[in-house]
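**Student:** Have a peek at my_file04.txt (compact mmCIF, C-alpha atoms).
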# COMPACT_ATOMS: atom_id res chain seq x y z
CA MET A 184 51.69 -9.04 115.55
CA LEU A 185 52.88 -8.31 112.01
CA THR A 186 54.29 -4.94 110.99
CA THR A 187 53.48 -3.56 107.53
CA THR A 188 56.93 -4.59 106.26
CA GLY A 189 56.50 -8.05 107.75
CA LEU A 190 53.09 -8.38 106.14
CA TYR A 191 54.47 -7.33 102.74
CA GLY A 192 57.31 -9.80 103.14
CA LYS A 193 54.97 -12.64 103.99
CA LEU A 194 52.62 -11.89 101.10
CA GLU A 195 55.52 -11.53 98.69
CA CYS A 196 56.91 -14.88 99.88
CA MET A 197 53.54 -16.56 99.32
CA ASN A 198 53.30 -15.11 95.82
CA VAL A 199 56.79 -16.28 94.95
CA GLU A 200 56.05 -19.73 96.37
CA ILE A 201 52.92 -20.09 94.24
CA THR A 202 54.90 -19.16 91.11
CA ASN A 203 57.59 -21.68 92.10
CA TYR A 204 55.05 -24.48 92.48
CA ILE A 205 53.54 -23.75 89.08
CA ASP A 206 56.98 -23.59 87.44
CA ARG A 207 57.99 -26.84 89.13
CA ALA A 208 54.86 -28.50 87.79
CA LYS A 209 55.67 -27.27 84.27
CA ARG A 210 59.24 -28.56 84.50
CA TYR A 211 57.89 -32.03 85.33
CA GLN A 212 57.23 -32.46 81.60
CA ASN A 213 60.96 -32.86 81.00
CA ILE A 214 62.06 -34.41 84.30
CA ASP A 215 63.01 -37.57 82.37
CA GLY A 216 64.64 -35.86 79.37
CA THR A 217 61.89 -36.85 76.93
CA GLY A 218 61.44 -33.27 75.75
CA GLU A 219 65.08 -33.13 74.62
CA MET A 220 64.75 -36.53 72.97
CA VAL A 221 61.70 -35.33 71.00
CA VAL A 222 63.64 -32.27 69.75
CA GLY A 223 66.67 -34.46 68.95
CA LEU A 224 64.61 -37.03 67.02
CA THR A 225 62.81 -34.29 65.07
CA LEU A 226 66.14 -32.73 64.06
CA LEU A 227 67.39 -36.21 63.20
CA GLY A 228 64.37 -36.47 60.85
CA PHE A 229 65.47 -33.26 59.12
CA ALA A 230 69.04 -34.53 58.81
CA LEU A 231 67.83 -37.90 57.49
CA ALA A 232 65.56 -36.17 54.96
CA SER A 233 68.48 -34.08 53.76
CA TYR A 234 70.83 -37.08 53.41
CA LEU A 235 68.20 -39.23 51.66
CA GLU A 236 67.34 -36.41 49.29
CA ALA A 237 71.01 -36.16 48.36
CA LEU A 238 70.98 -39.86 47.39
CA LEU A 239 68.24 -39.29 44.79
CA PRO A 240 69.32 -38.85 41.16
CA GLU A 241 69.69 -35.21 40.14
CA ASN A 242 66.83 -35.30 37.65
CA SER A 243 64.30 -36.88 40.04
CA PRO A 244 60.91 -35.13 40.08
CA THR A 245 59.97 -32.70 42.85
CA TRP A 246 57.19 -34.92 44.16
CA MET A 247 59.72 -37.69 44.82
CA ARG A 248 61.87 -35.31 46.84
CA LEU A 249 58.82 -34.18 48.78
CA VAL A 250 57.82 -37.81 49.48
CA VAL A 251 61.31 -38.55 50.82
CA ILE A 252 61.26 -35.46 53.07
CA PHE A 253 57.72 -36.17 54.28
CA ALA A 254 58.44 -39.86 54.95
CA SER A 255 61.62 -39.05 56.89
CA LEU A 256 59.89 -36.46 59.02
CA MET A 257 56.91 -38.71 59.70
CA LEU A 258 59.25 -41.54 60.68
CA ALA A 259 61.16 -39.24 63.06
CA LEU A 260 58.02 -37.73 64.60
CA GLY A 261 56.44 -41.18 64.99
CA LEU A 262 59.57 -42.45 66.69
CA ALA A 263 59.65 -39.35 68.93
CA TYR A 264 56.02 -39.85 69.95
CA TRP A 265 56.53 -43.55 70.64
CA THR A 266 59.75 -42.99 72.62
CA ARG A 267 58.18 -40.31 74.79
CA ARG A 268 55.07 -42.38 75.46
CA THR A 269 57.05 -45.51 76.31
CA ILE A 270 59.42 -43.71 78.70
CA LYS A 271 56.55 -41.93 80.43
CA ARG A 272 54.46 -45.08 80.79
CA TYR A 273 57.15 -47.53 81.90
CA ILE A 274 59.68 -45.32 83.69
CA THR A 275 58.35 -41.92 84.78
CA TRP A 276 54.78 -42.59 85.88
CA PRO A 277 55.61 -45.62 88.08
CA ARG A 278 58.41 -43.64 89.78
CA THR A 279 57.24 -40.09 90.34
CA GLY A 280 53.64 -40.17 89.23
CA TYR A 281 51.39 -39.47 86.29
CA ALA A 282 50.59 -35.94 85.16
CA ALA A 283 48.79 -34.77 82.03
CA PHE A 284 49.19 -31.25 80.74
CA PRO A 285 46.25 -29.25 79.40
CA ARG A 286 45.86 -28.62 75.68
CA ARG A 287 47.24 -25.27 74.53
CA GLY A 288 44.65 -22.56 73.99
CA ARG A 289 44.40 -20.26 70.98
CA SER A 290 46.10 -17.35 72.82
CA TRP A 291 49.15 -19.56 73.52
CA TRP A 292 49.53 -20.43 69.83
CA VAL A 293 49.11 -16.78 68.76
CA THR A 294 51.72 -15.60 71.32
CA THR A 295 54.14 -18.39 70.39
CA ILE A 296 53.87 -17.78 66.65
CA ILE A 297 54.36 -14.00 67.08
CA ALA A 298 57.33 -14.53 69.44
CA ARG A 299 58.98 -16.95 67.00
CA LEU A 300 58.46 -14.62 64.07
CA ILE A 301 60.08 -11.77 66.02
CA ALA A 302 62.97 -14.06 66.99
CA LEU A 303 63.40 -15.15 63.35
CA ILE A 304 63.45 -11.55 62.13
CA ALA A 305 66.02 -10.66 64.82
CA VAL A 306 68.25 -13.59 63.89
CA VAL A 307 68.04 -12.92 60.13
CA SER A 308 68.86 -9.22 60.76
CA LEU A 309 71.84 -10.24 62.88
CA ALA A 310 73.05 -12.57 60.16
CA PHE A 311 72.80 -9.80 57.56
CA LEU A 312 74.60 -7.36 59.83
CA ILE A 313 77.45 -9.81 60.32
CA ARG A 314 77.61 -10.50 56.58
CA ARG A 315 77.79 -6.78 55.86
CA HIS A 316 80.45 -6.35 58.50
CA HIS A 317 82.38 -9.25 56.99
CA TRP A 318 82.28 -7.69 53.52
CA MET A 319 83.34 -4.32 54.87
CA SER A 320 86.17 -5.70 56.97
CA MET A 321 87.52 -8.26 54.49
CA SER A 322 89.86 -5.74 52.92
CA THR A 323 91.27 -4.51 56.23
CA VAL A 324 91.11 -7.39 58.68
CA SER A 325 92.57 -10.82 58.22
CA TRP A 326 90.38 -13.45 59.86
CA ASP A 327 92.11 -16.35 61.49
CA LEU A 328 89.07 -18.54 61.02
CA SER A 329 87.91 -19.48 57.56
CA PRO A 330 85.61 -16.81 56.10
CA LYS A 331 83.09 -19.60 55.56
CA THR A 332 82.64 -19.73 59.33
CA TRP A 333 81.14 -16.27 59.21
CA ASN A 334 78.71 -17.10 56.49
CA PRO A 335 75.30 -15.65 57.57
CA ARG A 336 73.73 -19.08 57.32
CA VAL A 337 76.28 -20.45 59.78
CA VAL A 338 75.44 -17.61 62.15
CA LEU A 339 71.74 -18.29 61.66
CA LEU A 340 72.06 -21.98 62.48
CA LEU A 341 74.44 -21.30 65.36
CA VAL A 342 72.25 -18.64 66.96
CA ILE A 343 69.02 -20.62 66.56
CA SER A 344 70.45 -23.90 67.87
CA THR A 345 72.39 -22.46 70.79
CA THR A 346 69.74 -19.99 71.99
CA THR A 347 67.06 -22.68 71.83
CA TYR A 348 69.21 -25.04 73.88
CA ALA A 349 70.24 -22.27 76.32
CA ILE A 350 66.60 -21.27 76.89
CA TRP A 351 65.73 -24.92 77.34
CA ILE A 352 68.46 -25.44 79.97
CA SER A 353 67.58 -22.31 81.93
CA ARG A 354 63.89 -23.22 81.99
CA MET A 355 63.88 -27.00 82.23
CA GLY A 356 67.19 -28.34 83.44
CA ARG A 357 68.50 -26.08 86.17
CA ARG A 358 69.74 -29.02 88.22
CA HIS A 359 71.95 -30.36 85.46
CA TRP A 360 75.05 -28.12 85.31
CA TRP A 361 76.70 -30.38 82.73
CA LYS A 362 74.22 -29.15 80.13
CA TRP A 363 76.12 -25.86 79.95
CA LEU A 364 79.14 -27.87 78.83
CA VAL A 365 76.96 -29.50 76.16
CA LEU A 366 76.01 -25.98 75.03
CA LEU A 367 79.67 -25.00 74.77
CA PHE A 368 80.40 -28.19 72.86
CA MET A 369 77.48 -27.40 70.53
CA ILE A 370 78.86 -23.92 69.74
CA LEU A 371 82.40 -25.18 69.12
CA GLY A 372 81.15 -28.18 67.13
CA VAL A 373 78.96 -26.14 64.77
CA ILE A 374 81.76 -23.62 64.14
CA THR A 375 84.27 -26.40 63.50
CA LEU A 376 81.96 -28.34 61.18
CA ALA A 377 81.04 -25.15 59.34
CA SER A 378 84.69 -24.36 58.71
CA ILE A 379 85.74 -27.82 57.51
CA VAL A 380 82.72 -29.10 55.54
CA PRO A 381 82.84 -28.04 51.89
CA GLY A 382 79.96 -27.47 49.49
CA ASP A 383 76.85 -25.36 49.10
CA PHE A 384 74.34 -24.76 51.90
CA GLY A 385 72.45 -27.99 51.18
CA GLN A 386 75.60 -30.07 51.62
CA TRP A 387 77.05 -27.90 54.30
CA ALA A 388 74.03 -27.91 56.64
CA ARG A 389 73.74 -31.70 56.95
CA PRO A 390 76.61 -32.49 59.36
CA PRO A 391 75.88 -29.60 61.79
CA VAL A 392 72.16 -30.47 61.91
CA LEU A 393 73.01 -34.12 62.52
CA PHE A 394 75.53 -33.05 65.18
CA ILE A 395 72.97 -30.79 66.94
CA ALA A 396 70.35 -33.56 66.79
CA LEU A 397 72.75 -36.04 68.38
CA LEU A 398 73.63 -33.53 71.12
CA TRP A 399 69.95 -33.00 71.96
CA LEU A 400 69.47 -36.78 72.05
CA GLY A 401 72.54 -37.22 74.23
CA SER A 402 71.37 -34.49 76.56
CA GLY A 403 67.97 -36.20 76.88
CA ALA A 404 69.61 -39.57 77.52
CA GLY A 405 71.80 -37.98 80.21
CA THR A 406 68.77 -36.46 81.91
CA LEU A 407 66.97 -39.81 81.79
CA TYR A 408 69.99 -41.59 83.27
CA SER A 409 70.19 -39.04 86.08
CA TYR A 410 66.44 -39.33 86.71
CA VAL A 411 66.55 -43.14 86.88
CA ARG A 412 69.57 -43.01 89.20
CA HIS A 413 67.85 -40.66 91.64
CA THR A 414 64.39 -42.23 91.74
CA LYS A 415 62.95 -45.68 92.30
CA PRO A 416 59.59 -47.22 91.39
CA ALA A 417 56.88 -46.63 94.01
CA ILE A 418 55.40 -49.66 95.76
CA PRO A 419 51.73 -49.85 94.77
CA GLU A 420 49.37 -49.85 97.74
CA THR A 421 46.06 -48.32 98.69
CA GLU A 422 45.96 -44.56 98.94
CA MET B 1334 46.53 -0.82 105.71
CA ASN B 1335 42.84 -1.39 106.45
CA GLN B 1336 42.18 -2.20 102.82
CA GLN B 1337 45.07 -4.64 102.85
CA LEU B 1338 43.76 -6.34 105.96
CA ARG B 1339 40.33 -6.54 104.40
CA ALA B 1340 41.83 -8.07 101.24
CA ILE B 1341 43.70 -10.59 103.39
CA SER B 1342 40.62 -11.46 105.43
CA GLU B 1343 38.71 -12.07 102.20
CA LEU B 1344 41.22 -14.68 100.99
CA ASP B 1345 39.75 -18.14 100.54
CA ARG B 1346 40.54 -20.01 103.79
CA VAL B 1347 40.34 -23.42 102.12
CA ILE B 1348 43.18 -22.55 99.74
CA HIS B 1349 45.09 -20.30 102.13
CA GLU B 1350 46.44 -23.16 104.25
CA PRO B 1351 50.07 -23.75 103.01
CA GLY B 1352 49.66 -27.47 102.30
CA ARG B 1353 46.47 -27.01 100.32
CA LEU B 1354 47.89 -23.96 98.54
CA MET B 1355 50.76 -26.12 97.33
CA ILE B 1356 48.36 -28.83 96.13
CA VAL B 1357 46.08 -26.39 94.31
CA ALA B 1358 49.02 -24.52 92.71
CA LEU B 1359 50.49 -27.79 91.41
CA LEU B 1360 47.12 -29.03 90.17
CA SER B 1361 46.46 -25.72 88.41
CA ALA B 1362 49.32 -26.45 85.98
CA PHE B 1363 47.87 -29.80 84.91
CA LYS B 1364 44.79 -31.18 83.28
CA GLU B 1365 45.07 -34.05 85.79
CA CYS B 1366 47.67 -35.88 87.85
CA ASP B 1367 47.77 -38.79 90.25
CA PHE B 1368 48.24 -39.18 93.99
CA LEU B 1369 51.80 -40.44 93.58
CA TYR B 1370 52.85 -37.26 91.77
CA LEU B 1371 51.47 -35.03 94.53
CA LEU B 1372 53.01 -37.24 97.19
CA HIS B 1373 56.37 -36.90 95.48
CA GLU B 1374 56.17 -33.16 94.83
CA THR B 1375 54.68 -32.00 98.13
CA GLU B 1376 56.77 -34.38 100.28
CA MET B 1377 53.80 -34.79 102.64
CA ASN B 1378 52.91 -38.15 104.14
CA LYS B 1379 49.99 -40.10 102.71
CA GLY B 1380 47.61 -39.34 105.61
CA ASN B 1381 48.31 -35.64 105.50
CA LEU B 1382 47.90 -35.43 101.74
CA SER B 1383 44.69 -37.48 101.86
CA SER B 1384 43.16 -35.22 104.49
CA HIS B 1385 44.01 -32.07 102.53
CA LEU B 1386 42.55 -33.62 99.38
CA ALA B 1387 39.42 -34.62 101.25
CA ARG B 1388 39.01 -31.02 102.43
CA LEU B 1389 39.47 -29.72 98.87
CA GLU B 1390 37.02 -32.30 97.56
CA GLU B 1391 34.51 -31.27 100.20
CA ALA B 1392 34.80 -27.67 98.95
CA ALA B 1393 34.26 -29.02 95.39
CA TYR B 1394 37.65 -27.66 94.30
CA VAL B 1395 39.15 -31.03 93.44
CA GLU B 1396 37.69 -34.03 91.67
CA ILE B 1397 39.03 -37.40 92.82
CA GLN B 1398 38.68 -40.45 90.63
CA LYS B 1399 39.71 -43.94 91.75
CA THR B 1400 40.80 -46.04 88.82
CA TYR B 1401 43.27 -48.74 87.76
CA ARG B 1402 46.32 -48.58 85.54
CA GLY B 1403 46.61 -52.22 84.54
CA LYS B 1404 46.32 -54.01 87.87
CA VAL B 1405 47.67 -51.12 89.91
CA PRO B 1406 45.18 -48.85 91.70
CA GLN B 1407 45.51 -45.21 90.76
CA THR B 1408 43.91 -42.09 92.19
CA VAL B 1409 43.53 -39.40 89.54
CA LEU B 1410 43.02 -35.81 90.70
CA ARG B 1411 41.96 -32.74 88.81
CA LEU B 1412 41.03 -29.21 89.71
CA THR B 1413 37.37 -28.49 89.01
CA SER B 1414 36.31 -25.29 87.27
CA ALA B 1415 35.21 -23.98 90.68
CA GLY B 1416 38.65 -24.83 92.06
CA ARG B 1417 40.41 -23.10 89.18
CA LYS B 1418 38.20 -20.04 89.64
CA ALA B 1419 38.85 -20.02 93.39
CA PHE B 1420 42.62 -20.28 92.82
CA ASP B 1421 42.58 -17.41 90.30
CA GLY B 1422 40.51 -15.38 92.76
CA TYR B 1423 42.96 -16.21 95.54
CA ARG B 1424 45.93 -14.99 93.47
CA LYS B 1425 44.10 -11.80 92.58
CA GLY B 1426 43.23 -11.29 96.23
CA LEU B 1427 46.85 -11.80 97.22
CA LYS B 1428 47.98 -9.21 94.68
CA ALA B 1429 45.30 -6.81 95.87
CA ALA B 1430 46.68 -7.11 99.40
CA PHE B 1431 50.07 -5.71 98.35
Write the structure described by the file as structure tokens, please.

**Tutor:**
Amino acid sequence: MLTTTGLYGKLECMNVEITNYIDRAKRYQNIDGTGEMVVGLTLLGFALASYLEALLPENSPTWMRLVVIFASLMLALGLAYWTRRTIKRYITWPRTGYAAFPRRGRSWWVTTIIARLIALIAVVSLAFLIRRHHWMSMSTVSWDLSPKTWNPRVVLLLVISTTTYAIWISRMGRRHWWKWLVLLFMILGVITLASIVPGDFGQWARPPVLFIALLWLGSGAGTLYSYVRHTKPAIPETE
Amino acid sequence: MNQQLRAISELDRVIHEPGRLMIVALLSAFKECDFLYLLHETEMNKGNLSSHLARLEEAAYVEIQKTYRGKVPQTVLRLTSAGRKAFDGYRKGLKAAF
């Protein structure tokens, strides 16, 4: 016979288990690292757009710049879509099964957009605070790092890239401890690139964005390698 | 305590069984998935999983579709709207029992 405490414990356990199953199902989306590859390829598109735009003559019309940016992004997104589909079809589904996720409802989009706007406002405020602090402390404190490192735009890029990756790891890749090292490498890499690359924001942002894109791609490739190593294709037979 | 016991006794028996609860919870996160995925995630054997799915299909909670992916047979499973409703009701019932 169950006591009240025992009953509570059992019910609580069941509730936790249900949540775990649902979370596990959601994590299946990135079991093969395709989610990280999609993010990496999209960022690569931005980096490519930026580099190609820089190759254009200075007096080129705006529409030409827009065409270059649009073409680069379309190429990257197309490649991301094709990569994801190919990996799912030929590697993931034959090994651990096919699963299709439902389309996002309107409430999901509204919540996501609001959450991202709040996050953006928080990050921009943080960047301004740091900039103000930098101005105030410049006369009294001597920074060892280049002052450029503390440029608000560096902080903005650093905070956005690292928090996104950290959230991703904690939600999707709990089994892969090495991803925390990738995160550390990302932080150090962005700070280093920001302090050594000269030029205005347009020129400055290219190498860190390319670096972050390559890290996301590498992280995805590592996840895929680990997945392939730990699984094998199922033998088709009647079910 | 009586109210809690009543709430527990009103829980859907089809879903309440641990194996089926696992299947329904996993299916609730997807639009559809195949037999191989459930086999992999639940770690049940094929016979066990099939019998649970048959029970869920009998209760009209799960829709089972036999198809082919290329030349390979594939069993696609999805939670019906009745199944989704029953699962939501089950979770509410479980919370009510606290």

**Student:** With the cut-off set at 10 Å and counting all atoms listed in the file, tabulate each residue of chain A with an atom at most that distance from an atom of chain B, showing the nearest atom pair and its distance in Å to one decimal, ordered by chain and increasing number, as a tab-separated table.

**Tutor:**
residue	atom	partner	partner_atom	distance
A:Thr187	CA	B:Met1334	CA	7.7
A:Leu190	CA	B:Phe1431	CA	8.8
A:Tyr191	CA	B:Phe1431	CA	6.4
A:Gly192	CA	B:Phe1431	CA	9.6
A:Leu194	CA	B:Leu1427	CA	7.0
A:Glu195	CA	B:Phe1431	CA	8.0
A:Met197	CA	B:Leu1427	CA	8.5
A:Asn198	CA	B:Leu1427	CA	7.4
A:Glu200	CA	B:Met1355	CA	8.4
A:Ile201	CA	B:Ala1358	CA	6.1
A:Thr202	CA	B:Ala1358	CA	8.1
A:Asn203	CA	B:Ala1358	CA	9.0
A:Tyr204	CA	B:Leu1359	CA	5.7
A:Ile205	CA	B:Leu1359	CA	5.6
A:Asp206	CA	B:Ala1362	CA	8.3
A:Arg207	CA	B:Leu1359	CA	7.9
A:Ala208	CA	B:Leu1359	CA	5.7
A:Lys209	CA	B:Ala1362	CA	6.6
A:Tyr211	CA	B:Tyr1370	CA	9.7
A:Trp276	CA	B:Tyr1370	CA	8.2
A:Pro277	CA	B:Leu1369	CA	8.5
A:Arg278	CA	B:Leu1369	CA	8.3
A:Thr279	CA	B:Tyr1370	CA	5.4
A:Gly280	CA	B:Tyr1370	CA	3.9
A:Tyr281	CA	B:Cys1366	CA	5.4
A:Ala282	CA	B:Cys1366	CA	4.0
A:Ala283	CA	B:Glu1365	CA	5.3
A:Phe284	CA	B:Phe1363	CA	4.6
A:Pro285	CA	B:Lys1364	CA	4.6
A:Arg286	CA	B:Lys1364	CA	8.1
A:Ala417	CA	B:Leu1369	CA	8.0
A:Ile418	CA	B:Val1405	CA	9.8
A:Pro419	CA	B:Val1405	CA	6.5
A:Glu420	CA	B:Pro1406	CA	7.4
A:Thr421	CA	B:Pro1406	CA	7.1
A:Glu422	CA	B:Lys1379	CA	7.1

**Student:** Neighbouring residues of region 391-402 of chain A were defined as those with any atom within 6 Å, considering all atoms listed in the file; residues of the same chain fewer than 3 positions away were excluded. Please report them as an NGL selection string.

**Tutor:** :A and (219-220 or 223 or 226-227 or 230 or 373 or 388 or 405)

**Student:** Mind listing whatever residues come within 12 Å of the point (57.5, -43.3, 77.2)? Use only C-alpha atoms, file coordinates, and give them as a PyMOL selection string.

**Tutor:** chain A and resi 212-213+215-218+220-221+262-277+281+407

**Student:** To one decimal in Å, tell me the separation between CA of Ala259 (chain A) and CA of Thr346 (chain A).

**Tutor:** 22.9 Å

**Student:** In Å, rounded to a single decimal, give me how far CA of Leu1386 (chain B) is from CA of Arg1353 (chain B).

**Tutor:** 7.7 Å

**Student:** Report the distance between CA of Gly1426 (chain B) and CA of Glu1376 (chain B) in Å, rounded to one decimal place.

**Tutor:**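 These two atoms are separated by 27.1 Å.
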
**Student:** Output region 200-211 of chain A as an mmCIF file, keeping the file's coordinate frame, making sure N, CA, C and O atoms are there.

**Tutor:**
data_model
loop_
_atom_site.group_PDB
_atom_site.id
_atom_site.type_symbol
_atom_site.label_atom_id
_atom_site.label_comp_id
_atom_site.auth_asym_id
_atom_site.auth_seq_id
_atom_site.Cartn_x
_atom_site.Cartn_y
_atom_site.Cartn_z
ATOM 1 N N GLU A 200 56.211 -18.282 96.182
ATOM 2 C CA GLU A 200 56.050 -19.730 96.370
ATOM 3 C C GLU A 200 55.055 -20.309 95.372
ATOM 4 O O GLU A 200 55.296 -21.355 94.782
ATOM 5 N N ILE A 201 53.937 -19.607 95.185
ATOM 6 C CA ILE A 201 52.920 -20.090 94.240
ATOM 7 C C ILE A 201 53.530 -20.190 92.840
ATOM 8 O O ILE A 201 53.365 -21.200 92.154
ATOM 9 N N THR A 202 54.261 -19.143 92.437
ATOM 10 C CA THR A 202 54.900 -19.160 91.110
ATOM 11 C C THR A 202 55.884 -20.323 91.011
ATOM 12 O O THR A 202 55.960 -20.999 89.987
ATOM 13 N N ASN A 203 56.632 -20.563 92.094
ATOM 14 C CA ASN A 203 57.590 -21.680 92.100
ATOM 15 C C ASN A 203 56.897 -23.026 91.912
ATOM 16 O O ASN A 203 57.368 -23.878 91.173
ATOM 17 N N TYR A 204 55.774 -23.202 92.609
ATOM 18 C CA TYR A 204 55.050 -24.480 92.480
ATOM 19 C C TYR A 204 54.586 -24.694 91.051
ATOM 20 O O TYR A 204 54.706 -25.789 90.505
ATOM 21 N N ILE A 205 54.059 -23.623 90.451
ATOM 22 C CA ILE A 205 53.540 -23.750 89.080
ATOM 23 C C ILE A 205 54.692 -24.039 88.110
ATOM 24 O O ILE A 205 54.575 -24.909 87.245
ATOM 25 N N ASP A 206 55.820 -23.350 88.303
ATOM 26 C CA ASP A 206 56.980 -23.590 87.440
ATOM 27 C C ASP A 206 57.500 -25.022 87.599
ATOM 28 O O ASP A 206 57.885 -25.670 86.634
ATOM 29 N N ARG A 207 57.511 -25.482 88.848
ATOM 30 C CA ARG A 207 57.990 -26.840 89.130
ATOM 31 C C ARG A 207 57.102 -27.866 88.413
ATOM 32 O O ARG A 207 57.586 -28.826 87.836
ATOM 33 N N ALA A 208 55.793 -27.603 88.469
ATOM 34 C CA ALA A 208 54.860 -28.500 87.790
ATOM 35 C C ALA A 208 55.123 -28.512 86.288
ATOM 36 O O ALA A 208 55.087 -29.564 85.654
ATOM 37 N N LYS A 209 55.416 -27.336 85.718
ATOM 38 C CA LYS A 209 55.670 -27.270 84.270
ATOM 39 C C LYS A 209 56.964 -27.999 83.900
ATOM 40 O O LYS A 209 57.053 -28.624 82.849
ATOM 41 N N ARG A 210 57.955 -27.901 84.794
ATOM 42 C CA ARG A 210 59.240 -28.560 84.500
ATOM 43 C C ARG A 210 59.130 -30.086 84.555
ATOM 44 O O ARG A 210 59.994 -30.782 84.034
ATOM 45 N N TYR A 211 58.065 -30.582 85.184
ATOM 46 C CA TYR A 211 57.890 -32.030 85.330
ATOM 47 C C TYR A 211 57.802 -32.713 83.957
ATOM 48 O O TYR A 211 58.134 -33.877 83.814
#
